file coords05.csv (CSV, C-alpha atoms and all ligand atoms)
chain,number,residue,atom,x,y,z
H,54,MET,CA,97.4,198.7,126.1
H,55,THR,CA,95.0,200.4,123.8
H,56,VAL,CA,96.4,203.8,123.2
H,57,VAL,CA,99.4,203.2,121.0
H,58,PRO,CA,97.7,200.8,118.5
H,59,LEU,CA,94.5,203.0,118.5
H,60,VAL,CA,96.5,206.2,117.7
H,61,PHE,CA,98.6,204.6,115.1
H,62,PHE,CA,96.0,202.8,113.1
H,63,SER,CA,93.3,205.5,113.3
H,64,LEU,CA,95.7,208.2,112.4
H,65,PHE,CA,97.3,206.3,109.6
H,66,ALA,CA,93.9,205.2,108.2
H,67,SER,CA,92.4,208.7,108.4
H,68,THR,CA,95.4,210.3,106.7
H,69,ALA,CA,95.5,207.7,104.0
H,70,GLY,CA,91.6,207.8,103.7
H,71,LEU,CA,91.9,211.4,102.5
H,72,GLY,CA,92.6,210.0,99.1
H,73,ASP,CA,94.6,211.9,96.5
H,74,LEU,CA,96.2,214.8,98.4
H,75,ARG,CA,96.8,216.9,95.3
H,76,LYS,CA,93.2,216.6,94.2
H,77,ILE,CA,92.0,217.8,97.6
H,78,GLY,CA,94.3,220.8,97.1
H,79,ILE,CA,93.3,224.2,98.3
H,80,LEU,CA,90.1,223.2,100.2
H,81,GLY,CA,92.1,220.5,102.1
H,82,GLY,CA,94.9,222.9,102.9
H,83,ARG,CA,92.6,225.6,104.1
H,84,VAL,CA,90.4,223.4,106.2
H,85,VAL,CA,93.3,221.5,107.9
H,86,ILE,CA,94.8,224.9,108.8
H,87,TYR,CA,91.5,226.1,110.1
H,88,TYR,CA,90.9,223.0,112.1
H,89,LEU,CA,94.4,223.2,113.7
H,90,ILE,CA,94.0,226.8,114.6
H,91,THR,CA,90.6,226.4,116.2
H,92,THR,CA,91.8,223.3,118.1
H,93,ALA,CA,94.9,225.1,119.4
H,94,VAL,CA,92.7,228.1,120.5
H,95,ALA,CA,90.4,225.7,122.3
H,96,ILE,CA,93.1,224.0,124.2
H,97,THR,CA,94.8,227.4,125.0
H,98,ILE,CA,91.4,228.5,126.6
H,99,GLY,CA,91.3,225.2,128.6
H,100,VAL,CA,94.9,225.5,129.9
H,101,SER,CA,94.5,229.2,130.7
H,102,LEU,CA,91.2,228.8,132.6
H,103,ALA,CA,92.6,225.9,134.5
H,104,ASN,CA,95.7,228.0,135.4
H,105,LEU,CA,93.4,230.8,136.5
H,106,VAL,CA,90.9,228.9,138.5
H,107,LYS,CA,93.3,226.2,139.8
H,108,PRO,CA,90.7,223.4,140.3
H,109,GLY,CA,93.4,220.9,141.4
H,110,VAL,CA,95.2,223.0,144.0
H,111,GLY,CA,94.6,221.8,147.5
H,112,LEU,CA,94.5,218.1,146.6
H,113,LYS,CA,97.3,216.2,148.0
H,114,MET,CA,97.7,213.3,145.6
H,115,ALA,CA,101.0,211.5,145.6
H,116,ALA,CA,102.1,209.5,142.6
H,117,SER,CA,102.9,205.9,143.4
H,118,GLY,CA,106.3,206.4,141.8
H,119,ASP,CA,109.0,208.6,143.3
H,120,VAL,CA,107.8,212.2,143.0
H,121,GLU,CA,111.4,213.4,142.6
H,122,ALA,CA,111.7,211.1,139.6
H,123,ILE,CA,108.5,212.4,138.1
H,124,LEU,CA,109.6,216.0,138.6
H,125,GLY,CA,112.9,215.1,137.0
H,126,LYS,CA,111.1,213.6,134.1
H,127,VAL,CA,109.0,216.8,133.7
H,128,ASN,CA,112.1,218.9,133.5
H,129,GLN,CA,113.8,216.4,131.3
H,130,VAL,CA,110.9,216.0,128.9
H,131,SER,CA,110.0,219.7,128.6
H,132,PRO,CA,113.2,221.4,127.7
H,133,SER,CA,112.2,223.6,124.8
H,134,VAL,CA,109.7,223.9,122.0
H,135,VAL,CA,112.4,223.7,119.4
H,136,ARG,CA,113.7,220.4,120.8
H,137,THR,CA,110.2,219.1,121.0
H,138,LEU,CA,109.7,219.8,117.3
H,139,ILE,CA,113.0,218.2,116.4
H,140,GLU,CA,112.4,215.2,118.5
H,141,MET,CA,109.0,214.6,116.8
H,142,VAL,CA,111.0,212.7,114.1
H,143,PRO,CA,111.7,209.2,115.3
H,144,SER,CA,115.0,207.7,114.5
H,145,ASN,CA,113.3,204.3,114.9
H,146,PRO,CA,109.5,204.1,114.6
H,147,VAL,CA,109.4,200.7,116.3
H,148,LYS,CA,111.2,202.1,119.3
H,149,ALA,CA,108.7,205.0,119.4
H,150,LEU,CA,105.8,202.5,119.4
H,151,ALA,CA,107.4,200.4,122.1
H,152,GLU,CA,108.1,203.4,124.3
H,153,GLY,CA,104.8,205.0,123.6
H,154,ASN,CA,106.4,208.3,122.4
H,155,MET,CA,103.2,209.8,121.1
H,156,LEU,CA,104.5,212.8,119.1
H,157,GLN,CA,106.8,210.4,117.2
H,158,ILE,CA,104.1,207.9,116.7
H,159,ILE,CA,101.8,210.6,115.3
H,160,PHE,CA,104.5,212.0,113.0
H,161,PHE,CA,105.3,208.5,111.6
H,162,ALA,CA,101.6,207.6,111.2
H,163,VAL,CA,100.8,210.8,109.3
H,164,LEU,CA,103.9,210.4,107.1
H,165,LEU,CA,103.1,206.8,106.4
H,166,GLY,CA,99.5,207.8,105.5
H,167,ILE,CA,100.7,210.3,103.0
H,168,ALA,CA,103.3,207.9,101.6
H,169,VAL,CA,100.8,205.1,101.1
H,170,LEU,CA,98.9,207.4,98.7
H,171,ALA,CA,101.7,207.1,96.3
H,172,VAL,CA,101.4,203.3,96.1
H,173,GLN,CA,99.3,202.2,93.2
H,174,GLY,CA,96.3,199.9,92.9
H,175,GLU,CA,95.3,197.0,95.0
H,176,LYS,CA,98.3,197.1,97.3
H,177,ARG,CA,97.3,200.5,98.5
H,178,GLU,CA,93.6,199.5,99.1
H,179,ILE,CA,94.6,196.4,101.0
H,180,VAL,CA,96.8,198.4,103.4
H,181,ILE,CA,94.3,201.2,103.9
H,182,THR,CA,91.4,198.8,104.4
H,183,GLY,CA,93.5,196.7,106.8
H,184,ALA,CA,94.4,199.7,108.9
H,185,GLN,CA,90.8,200.9,109.0
H,186,GLY,CA,89.8,197.4,110.2
H,187,LEU,CA,92.4,197.4,112.9
H,188,SER,CA,91.4,200.9,113.9
H,189,ASP,CA,87.8,199.7,114.2
H,190,ALA,CA,88.9,196.7,116.2
H,191,MET,CA,90.8,198.9,118.6
H,192,ILE,CA,87.8,201.1,119.1
H,193,HIS,CA,85.8,197.9,119.9
H,194,MET,CA,88.4,196.9,122.4
H,195,VAL,CA,88.1,200.2,124.1
H,196,ASN,CA,84.3,199.7,124.3
H,197,MET,CA,84.8,196.3,125.7
H,198,ILE,CA,87.1,197.7,128.4
H,199,MET,CA,84.7,200.6,129.0
H,200,LYS,CA,82.0,198.1,130.0
H,201,LEU,CA,84.1,197.6,133.2
H,202,ALA,CA,84.2,201.4,133.7
H,203,PRO,CA,81.3,201.7,136.2
H,204,VAL,CA,82.9,199.2,138.5
H,205,GLY,CA,86.3,200.8,138.1
H,206,VAL,CA,84.9,204.3,138.6
H,207,PHE,CA,83.2,203.2,141.8
H,208,ALA,CA,86.3,201.5,143.2
H,209,LEU,CA,88.7,204.3,142.2
H,210,GLY,CA,86.3,207.0,143.4
H,211,ALA,CA,85.7,205.3,146.7
H,212,GLY,CA,89.4,204.8,147.2
H,213,VAL,CA,90.3,208.4,146.4
H,214,VAL,CA,87.6,209.8,148.7
H,215,ALA,CA,88.5,207.4,151.5
H,216,LYS,CA,92.1,208.4,151.3
H,217,HIS,CA,91.8,212.1,150.7
H,218,GLY,CA,88.4,213.0,152.1
H,219,LEU,CA,85.5,214.9,150.7
H,220,LYS,CA,87.7,217.8,149.6
H,221,VAL,CA,88.3,215.8,146.4
H,222,LEU,CA,84.7,216.1,145.4
H,223,SER,CA,84.6,219.9,145.7
H,224,ASN,CA,87.8,220.1,143.6
H,225,LEU,CA,86.1,217.8,141.1
H,226,LEU,CA,83.1,220.0,140.8
H,227,VAL,CA,85.2,223.1,140.2
H,228,TYR,CA,87.1,221.1,137.5
H,229,ALA,CA,83.9,220.1,135.8
H,230,LEU,CA,82.7,223.7,135.9
H,231,VAL,CA,85.9,225.0,134.4
H,232,VAL,CA,85.5,222.5,131.5
H,233,VAL,CA,81.9,223.6,131.0
H,234,ALA,CA,82.9,227.4,131.1
H,235,GLY,CA,85.7,226.8,128.7
H,236,LEU,CA,83.4,224.9,126.3
H,237,ALA,CA,80.9,227.7,126.4
H,238,LEU,CA,83.6,230.3,125.9
H,239,HIS,CA,85.0,228.5,122.9
H,240,LEU,CA,81.6,227.9,121.3
H,241,THR,CA,80.8,231.6,121.6
H,242,LEU,CA,84.2,232.6,120.1
H,243,LEU,CA,83.6,230.1,117.2
H,244,LEU,CA,80.1,231.5,116.6
H,245,LEU,CA,81.1,235.1,116.7
H,246,VAL,CA,84.6,235.1,115.1
H,247,SER,CA,84.4,232.2,112.6
H,248,LEU,CA,80.7,232.0,111.8
H,249,TYR,CA,79.8,235.6,111.8
H,250,GLY,CA,83.2,237.1,110.9
H,251,LEU,CA,84.4,234.6,108.3
H,252,GLY,CA,81.2,232.7,107.3
H,253,LYS,CA,78.9,235.8,107.3
H,254,MET,CA,76.1,233.9,109.0
H,255,ARG,CA,74.2,235.2,112.0
H,256,PRO,CA,74.8,233.0,115.1
H,257,GLY,CA,71.1,233.0,115.9
H,258,GLU,CA,70.2,231.6,112.6
H,259,PHE,CA,72.9,228.9,112.9
H,260,LEU,CA,71.8,227.9,116.4
H,261,LYS,CA,68.2,227.5,115.2
H,262,LYS,CA,69.2,225.3,112.3
H,263,ALA,CA,71.9,223.3,114.0
H,264,ARG,CA,69.8,222.6,117.1
H,265,ALA,CA,68.9,219.0,116.2
H,266,VAL,CA,72.6,218.2,115.4
H,267,MET,CA,73.7,219.6,118.8
H,268,VAL,CA,71.0,217.6,120.7
H,269,PHE,CA,72.0,214.5,118.8
H,270,ALA,CA,75.7,215.0,119.5
H,271,PHE,CA,74.9,215.5,123.2
H,272,SER,CA,72.8,212.4,123.6
H,273,THR,CA,75.1,210.1,121.5
H,274,SER,CA,78.5,211.5,122.7
H,275,SER,CA,79.8,210.6,119.2
H,276,SER,CA,80.8,212.8,116.4
H,277,ASN,CA,80.8,209.8,114.1
H,278,ALA,CA,77.2,208.8,115.0
H,279,THR,CA,76.1,212.4,114.4
H,280,LEU,CA,77.9,212.7,111.0
H,281,PRO,CA,74.9,211.7,108.8
H,282,LEU,CA,72.7,214.3,110.5
H,283,THR,CA,75.5,216.9,110.4
H,284,MET,CA,75.9,216.5,106.7
H,285,GLU,CA,72.2,216.6,106.0
H,286,THR,CA,71.9,219.8,108.1
H,287,ALA,CA,74.8,221.5,106.4
H,288,GLU,CA,73.5,220.8,102.9
H,289,LYS,CA,69.8,221.2,103.4
H,290,GLU,CA,69.6,223.8,106.1
H,291,LEU,CA,72.8,225.8,105.9
H,292,GLY,CA,73.3,225.9,102.2
H,293,VAL,CA,76.7,224.3,102.2
H,294,PRO,CA,77.5,222.8,98.7
H,295,ASP,CA,77.7,218.9,98.6
H,296,TYR,CA,81.4,218.7,97.7
H,297,VAL,CA,82.3,221.0,100.6
H,298,ALA,CA,80.1,219.2,103.1
H,299,SER,CA,81.2,215.7,102.1
H,300,PHE,CA,84.9,216.6,102.5
H,301,VAL,CA,85.0,219.0,105.4
H,302,LEU,CA,82.5,217.2,107.7
H,303,PRO,CA,83.8,213.6,107.7
H,304,LEU,CA,87.3,215.0,108.0
H,305,GLY,CA,86.2,217.2,110.9
H,306,ALA,CA,84.5,214.3,112.6
H,307,THR,CA,87.8,212.4,112.4
H,308,ILE,CA,90.4,215.1,113.1
H,309,ASN,CA,88.7,218.2,114.5
H,310,MET,CA,87.9,217.9,118.2
H,311,ASP,CA,87.9,221.4,119.7
H,312,GLY,CA,85.9,220.3,122.7
H,313,THR,CA,88.0,217.3,123.4
H,314,ALA,CA,91.2,219.3,123.1
H,315,LEU,CA,89.9,222.0,125.5
H,316,TYR,CA,88.9,219.4,128.0
H,317,GLN,CA,92.3,217.6,127.8
H,318,GLY,CA,94.0,221.0,128.5
H,319,VAL,CA,91.9,221.5,131.7
H,320,ALA,CA,92.3,217.9,132.7
H,321,ALA,CA,96.1,217.9,132.3
H,322,VAL,CA,96.6,221.0,134.3
H,323,PHE,CA,94.1,219.8,137.0
H,324,ILE,CA,95.9,216.5,137.4
H,325,ALA,CA,99.3,218.2,137.5
H,326,GLN,CA,98.0,220.6,140.2
H,327,ALA,CA,96.6,217.7,142.2
H,328,TYR,CA,100.0,215.9,142.2
H,329,HIS,CA,101.9,219.1,142.9
H,330,ILE,CA,103.7,219.0,139.6
H,331,PRO,CA,104.7,222.5,138.5
H,332,LEU,CA,104.2,223.0,134.8
H,333,THR,CA,106.7,225.3,133.1
H,334,LEU,CA,105.7,227.4,130.1
H,335,SER,CA,107.3,225.0,127.7
H,336,ALA,CA,105.6,222.1,129.4
H,337,GLN,CA,102.3,223.9,128.9
H,338,LEU,CA,103.1,224.6,125.3
H,339,LYS,CA,103.9,221.0,124.9
H,340,ILE,CA,100.5,220.1,126.3
H,341,ILE,CA,98.9,222.4,123.7
H,342,LEU,CA,100.9,220.8,120.9
H,343,THR,CA,100.3,217.2,122.0
H,344,ALA,CA,96.6,217.8,122.7
H,345,THR,CA,96.1,219.4,119.3
H,346,LEU,CA,97.7,216.3,117.7
H,347,ALA,CA,95.9,213.9,120.1
H,348,SER,CA,92.6,215.4,119.1
H,349,ILE,CA,93.5,214.6,115.5
H,350,GLY,CA,93.9,210.9,116.5
H,351,THR,CA,90.8,210.9,118.7
H,352,ALA,CA,88.1,208.8,117.1
H,353,GLY,CA,84.7,210.4,117.1
H,354,VAL,CA,83.1,207.8,119.5
H,355,PRO,CA,82.2,208.0,123.1
H,356,GLY,CA,85.0,208.0,125.7
H,357,VAL,CA,88.0,208.1,123.4
H,358,GLY,CA,89.0,211.6,124.6
H,359,ILE,CA,90.0,210.3,128.0
H,360,VAL,CA,92.0,207.4,126.5
H,361,MET,CA,93.9,210.0,124.4
H,362,LEU,CA,94.4,212.1,127.5
H,363,THR,CA,97.0,209.5,128.7
H,364,MET,CA,99.1,210.5,125.7
H,365,VAL,CA,99.0,214.2,126.7
H,366,LEU,CA,99.8,213.4,130.3
H,367,THR,CA,102.7,211.0,129.3
H,368,SER,CA,104.2,213.7,127.0
H,369,VAL,CA,104.9,215.9,130.0
H,370,GLY,CA,105.4,213.3,132.6
H,371,ILE,CA,102.2,213.8,134.6
H,372,PRO,CA,101.1,210.5,136.3
H,373,VAL,CA,98.6,208.7,134.2
H,374,GLU,CA,96.9,207.3,137.3
H,375,GLY,CA,95.5,210.8,137.9
H,376,ILE,CA,92.9,209.9,135.4
H,377,ALA,CA,91.2,208.0,138.2
H,378,LEU,CA,90.3,211.4,139.7
H,379,ILE,CA,88.3,212.6,136.7
H,380,LEU,CA,86.9,209.3,135.3
H,381,GLY,CA,83.7,209.6,137.4
H,382,VAL,CA,82.5,212.8,135.8
H,383,ASP,CA,83.8,212.0,132.3
H,384,ARG,CA,80.6,210.8,130.7
H,385,ILE,CA,78.7,214.1,131.1
H,386,LEU,CA,81.7,216.1,130.0
H,387,ASP,CA,82.0,213.8,127.0
H,388,MET,CA,78.4,214.7,126.0
H,389,LEU,CA,79.2,218.4,126.3
H,390,ARG,CA,82.5,218.3,124.5
H,391,THR,CA,81.0,216.3,121.6
H,392,VAL,CA,78.5,219.2,121.1
H,393,VAL,CA,81.4,221.6,120.7
H,394,ASN,CA,83.3,219.1,118.5
H,395,VAL,CA,80.4,218.7,116.1
H,396,SER,CA,79.5,222.5,116.1
H,397,GLY,CA,83.1,223.2,115.2
H,398,ASP,CA,82.9,221.0,112.1
H,399,LEU,CA,79.5,222.5,111.1
H,400,ILE,CA,80.8,226.0,111.4
H,401,ALA,CA,83.9,225.1,109.4
H,402,SER,CA,81.7,223.9,106.6
H,403,VAL,CA,80.0,227.3,106.5
H,404,VAL,CA,83.3,229.2,106.6
H,405,MET,CA,84.8,227.0,103.8
H,406,SER,CA,81.8,227.5,101.6
H,407,ARG,CA,82.3,231.2,101.9
H,408,PHE,CA,86.0,230.8,101.1
H,409,GLU,CA,84.9,228.9,98.0
H,410,GLY,CA,82.8,231.8,97.0
H,411,LYS,CA,79.5,230.0,97.6
W,501,LIG,N1,83.1,211.7,122.2
W,501,LIG,C1,83.9,212.6,121.5
W,501,LIG,C2,83.4,212.7,120.1
W,501,LIG,O1,82.8,211.8,119.5
W,501,LIG,C3,85.3,212.2,121.5
W,501,LIG,C4,85.8,212.2,122.9
W,501,LIG,O2,86.2,213.3,123.4
W,501,LIG,O3,85.8,211.2,123.6
W,501,LIG,O4,83.5,213.7,119.4
call {"tool": "encode", "arguments": {"input": "coords05.csv", "output": "structure tokens"}}
result
Amino acid sequence: MTVVPLVFFSLFASTAGLGDLRKIGILGGRVVIYYLITTAVAITIGVSLANLVKPGVGLKMAASGDVEAILGKVNQVSPSVVRTLIEMVPSNPVKALAEGNMLQIIFFAVLLGIAVLAVQGEKREIVITGAQGLSDAMIHMVNMIMKLAPVGVFALGAGVVAKHGLKVLSNLLVYALVVVAGLALHLTLLLLVSLYGLGKMRPGEFLKKARAVMVFAFSTSSSNATLPLTMETAEKELGVPDYVASFVLPLGATINMDGTALYQGVAAVFIAQAYHIPLTLSAQLKIILTATLASIGTAGVPGVGIVMLTMVLTSVGIPVEGIALILGVDRILDMLRTVVNVSGDLIASVVMSRFEGK
């Protein structure tokens, strides 16, 4: 109910909110490429670790639908990367929205966001403000629904354990540990390769100065709530020029979610393993592509990553009900992935300053 409108409005509003694309120019191009590459690396780490450790193997979940039909759908929806790219373009955007075809929805929302920048004056402002309002309303709706989450988690968790035994819990622990290990690995890579290699800053110095931001991100689980502190730290502590911080960081809090993408990669493979759905290489590449795009549309507020996970699962035909398995441990993983999300933004601001010759 919430995913399609949330993705559409928030992605449209954040693309249109970038302002004049030409003026943003080189800095914008560089940072978007940087964000996409780091996100794709994050999710590749997640998918690879989950394939290696196999946290979901041994679980005997059966989808309520016909498994054959699901398997058929997996094969049918993951034919080739080239076809995936071509099929990203919807022939009818309303159909894409009605069917929840996420790649097509994302493609259309971004294109519409870019196109609206060409509309002049009041008309443009009304459309963008309206979309931002609707996006806020959708986030509020998610929060309202999430109030029921404790009851839902209890009922789903009890049901799953009663049906499948305690084995589920040990698999769940391994799953959570794989996510944590992936996040730690990605943060280390970011620190060493991006910060030290490209930004020419020592990781120790960064960690000392960014400590407060990380603690704040952990305790709020929200990139958006942390944004004011992230910006202040970048400018005052890390020496990032104003114009770089004020562009790179809000954009990062909106579209750059390395931690979330990594977690989605692990979760998708975990659920597929639990339901005995073999993932072909092209299905895994599709997960990487969808999760990279999903993380762009993930709002920087608590718990949205798991809502967007439904989109990744749907794109390769993994049963969405598998989310019930991992919902119980999501809050703590949300706290941890938000730390990586925010650190990724902050490191990007240092790297971009260096690229700008500052
Ligand atoms: N809580 C995350 C953030 O704000 C998003 C998510 O993964 O739910 O960065």
call {"tool": "closest_residue", "arguments": {"input": "coords05.csv", "among": "H:Ser348, H:Ser275, H:Ser335, H:Thr363", "to": "ligand LIG 501 (chain W)", "atoms": "all atoms listed in the file"}}
result
H:Ser275
call {"tool": "residues_near_ligand", "arguments": {"input": "coords05.csv", "ligand": "ligand LIG 501 (chain W)", "cutoff": "7 Å", "atoms": "only C-alpha atoms and all ligand atoms", "output": "list in words"}}
result
Ser274, Ser275, Ser276, Asn277, Ala306, Met310, Thr313, Thr351, Ala352, Gly353, Val354, Pro355, Gly356, Val357, Gly358, Ile359, Asp387, Met388, Arg390, Thr391, Asn394 and Val395 of chain H
call {"tool": "residues_near_point", "arguments": {"input": "coords05.csv", "point": "(93.6, 209.3, 148.8)", "cutoff": "12 Å", "atoms": "all atoms listed in the file", "output": "list in words"}}
result
Leu112, Lys113, Met114, Ala115, Ala116, Ser117, Leu209, Gly210, Ala211, Gly212, Val213, Val214, Ala215, Lys216, His217, Gly218, Leu219, Lys220, Val221, Leu222, Ala327, Tyr328, Gly375, Ala377 and Leu378 of chain H
call {"tool": "atom_distance", "arguments": {"input": "coords05.csv", "atom1": "CA of Ser402 (chain H)", "atom2": "CA of Tyr249 (chain H)"}}
result
12.9 Å
call {"tool": "closest_residue", "arguments": {"input": "coords05.csv", "among": "H:Gly305, H:Gly410, H:Gly350, H:Gly370", "to": "Gly81 (chain H)", "atoms": "all atoms listed in the file"}}
result
H:Gly305
call {"tool": "residues_near_point", "arguments": {"input": "coords05.csv", "point": "(102.7, 220.3, 121.4)", "cutoff": "10 Å", "atoms": "all atoms listed in the file", "output": "PDB file with C-alpha atoms, in the coordinates of the input"}}
result
ATOM      1  CA  ALA H  93      94.900 225.100 119.400  1.00  0.00           C
ATOM      2  CA  VAL H 134     109.700 223.900 122.000  1.00  0.00           C
ATOM      3  CA  THR H 137     110.200 219.100 121.000  1.00  0.00           C
ATOM      4  CA  LEU H 138     109.700 219.800 117.300  1.00  0.00           C
ATOM      5  CA  MET H 141     109.000 214.600 116.800  1.00  0.00           C
ATOM      6  CA  LEU H 156     104.500 212.800 119.100  1.00  0.00           C
ATOM      7  CA  SER H 335     107.300 225.000 127.700  1.00  0.00           C
ATOM      8  CA  ALA H 336     105.600 222.100 129.400  1.00  0.00           C
ATOM      9  CA  GLN H 337     102.300 223.900 128.900  1.00  0.00           C
ATOM     10  CA  LEU H 338     103.100 224.600 125.300  1.00  0.00           C
ATOM     11  CA  LYS H 339     103.900 221.000 124.900  1.00  0.00           C
ATOM     12  CA  ILE H 340     100.500 220.100 126.300  1.00  0.00           C
ATOM     13  CA  ILE H 341      98.900 222.400 123.700  1.00  0.00           C
ATOM     14  CA  LEU H 342     100.900 220.800 120.900  1.00  0.00           C
ATOM     15  CA  THR H 343     100.300 217.200 122.000  1.00  0.00           C
ATOM     16  CA  ALA H 344      96.600 217.800 122.700  1.00  0.00           C
ATOM     17  CA  THR H 345      96.100 219.400 119.300  1.00  0.00           C
ATOM     18  CA  LEU H 346      97.700 216.300 117.700  1.00  0.00           C
ATOM     19  CA  ALA H 347      95.900 213.900 120.100  1.00  0.00           C
ATOM     20  CA  VAL H 365      99.000 214.200 126.700  1.00  0.00           C
ATOM     21  CA  SER H 368     104.200 213.700 127.000  1.00  0.00           C
ATOM     22  CA  VAL H 369     104.900 215.900 130.000  1.00  0.00           C
TER      23      VAL H 369
END
call {"tool": "atom_distance", "arguments": {"input": "coords05.csv", "atom1": "CA of Val227 (chain H)", "atom2": "CA of Thr241 (chain H)"}}
result
20.9 Å
call {"tool": "atom_distance", "arguments": {"input": "coords05.csv", "atom1": "CA of Leu240 (chain H)", "atom2": "CA of Asp398 (chain H)"}}
result
11.6 Å
call {"tool": "residues_around", "arguments": {"input": "coords05.csv", "residues": "region 178-190 of chain H", "least_positions_apart": "6", "cutoff": "7 Å", "atoms": "all atoms listed in the file", "output": "PyMOL selection string"}}
result
chain H and resi 59+62-63+66+69
call {"tool": "decode", "arguments": {"input": "coords05.csv", "residues": "region 382-410 of chain H", "atoms": "C-alpha atoms", "output": "short mmCIF file (atom, residue, chain, number, x, y, z; two decimals), in the first residue's frame"}}
result
data_model
loop_
_atom_site.label_atom_id
_atom_site.label_comp_id
_atom_site.auth_asym_id
_atom_site.auth_seq_id
_atom_site.Cartn_x
_atom_site.Cartn_y
_atom_site.Cartn_z
CA VAL H 382 15.76 -7.84 14.30
CA ASP H 383 15.29 -4.89 12.01
CA ARG H 384 15.44 -2.04 14.48
CA ILE H 385 18.97 -2.74 15.67
CA LEU H 386 20.17 -3.33 12.11
CA ASP H 387 18.50 -0.05 11.13
CA MET H 388 20.57 1.77 13.76
CA LEU H 389 23.77 0.22 12.45
CA ARG H 390 23.05 0.72 8.76
CA THR H 391 22.18 4.37 9.41
CA VAL H 392 25.70 4.87 10.85
CA VAL H 393 27.16 3.58 7.57
CA ASN H 394 24.70 5.66 5.51
CA VAL H 395 25.71 8.86 7.27
CA SER H 396 29.44 8.06 7.33
CA GLY H 397 29.29 7.45 3.58
CA ASP H 398 27.84 10.93 3.05
CA LEU H 399 30.40 12.58 5.29
CA ILE H 400 33.32 10.81 3.61
CA ALA H 401 31.90 11.82 0.22
CA SER H 402 31.95 15.47 1.30
CA VAL H 403 35.67 15.19 2.14
CA VAL H 404 36.44 13.44 -1.17
CA MET H 405 34.46 16.01 -3.18
CA SER H 406 36.26 18.90 -1.45
CA ARG H 407 39.53 17.34 -2.50
CA PHE H 408 38.26 16.98 -6.09
CA GLU H 409 37.33 20.66 -5.98
CA GLY H 410 40.93 21.40 -5.03
#
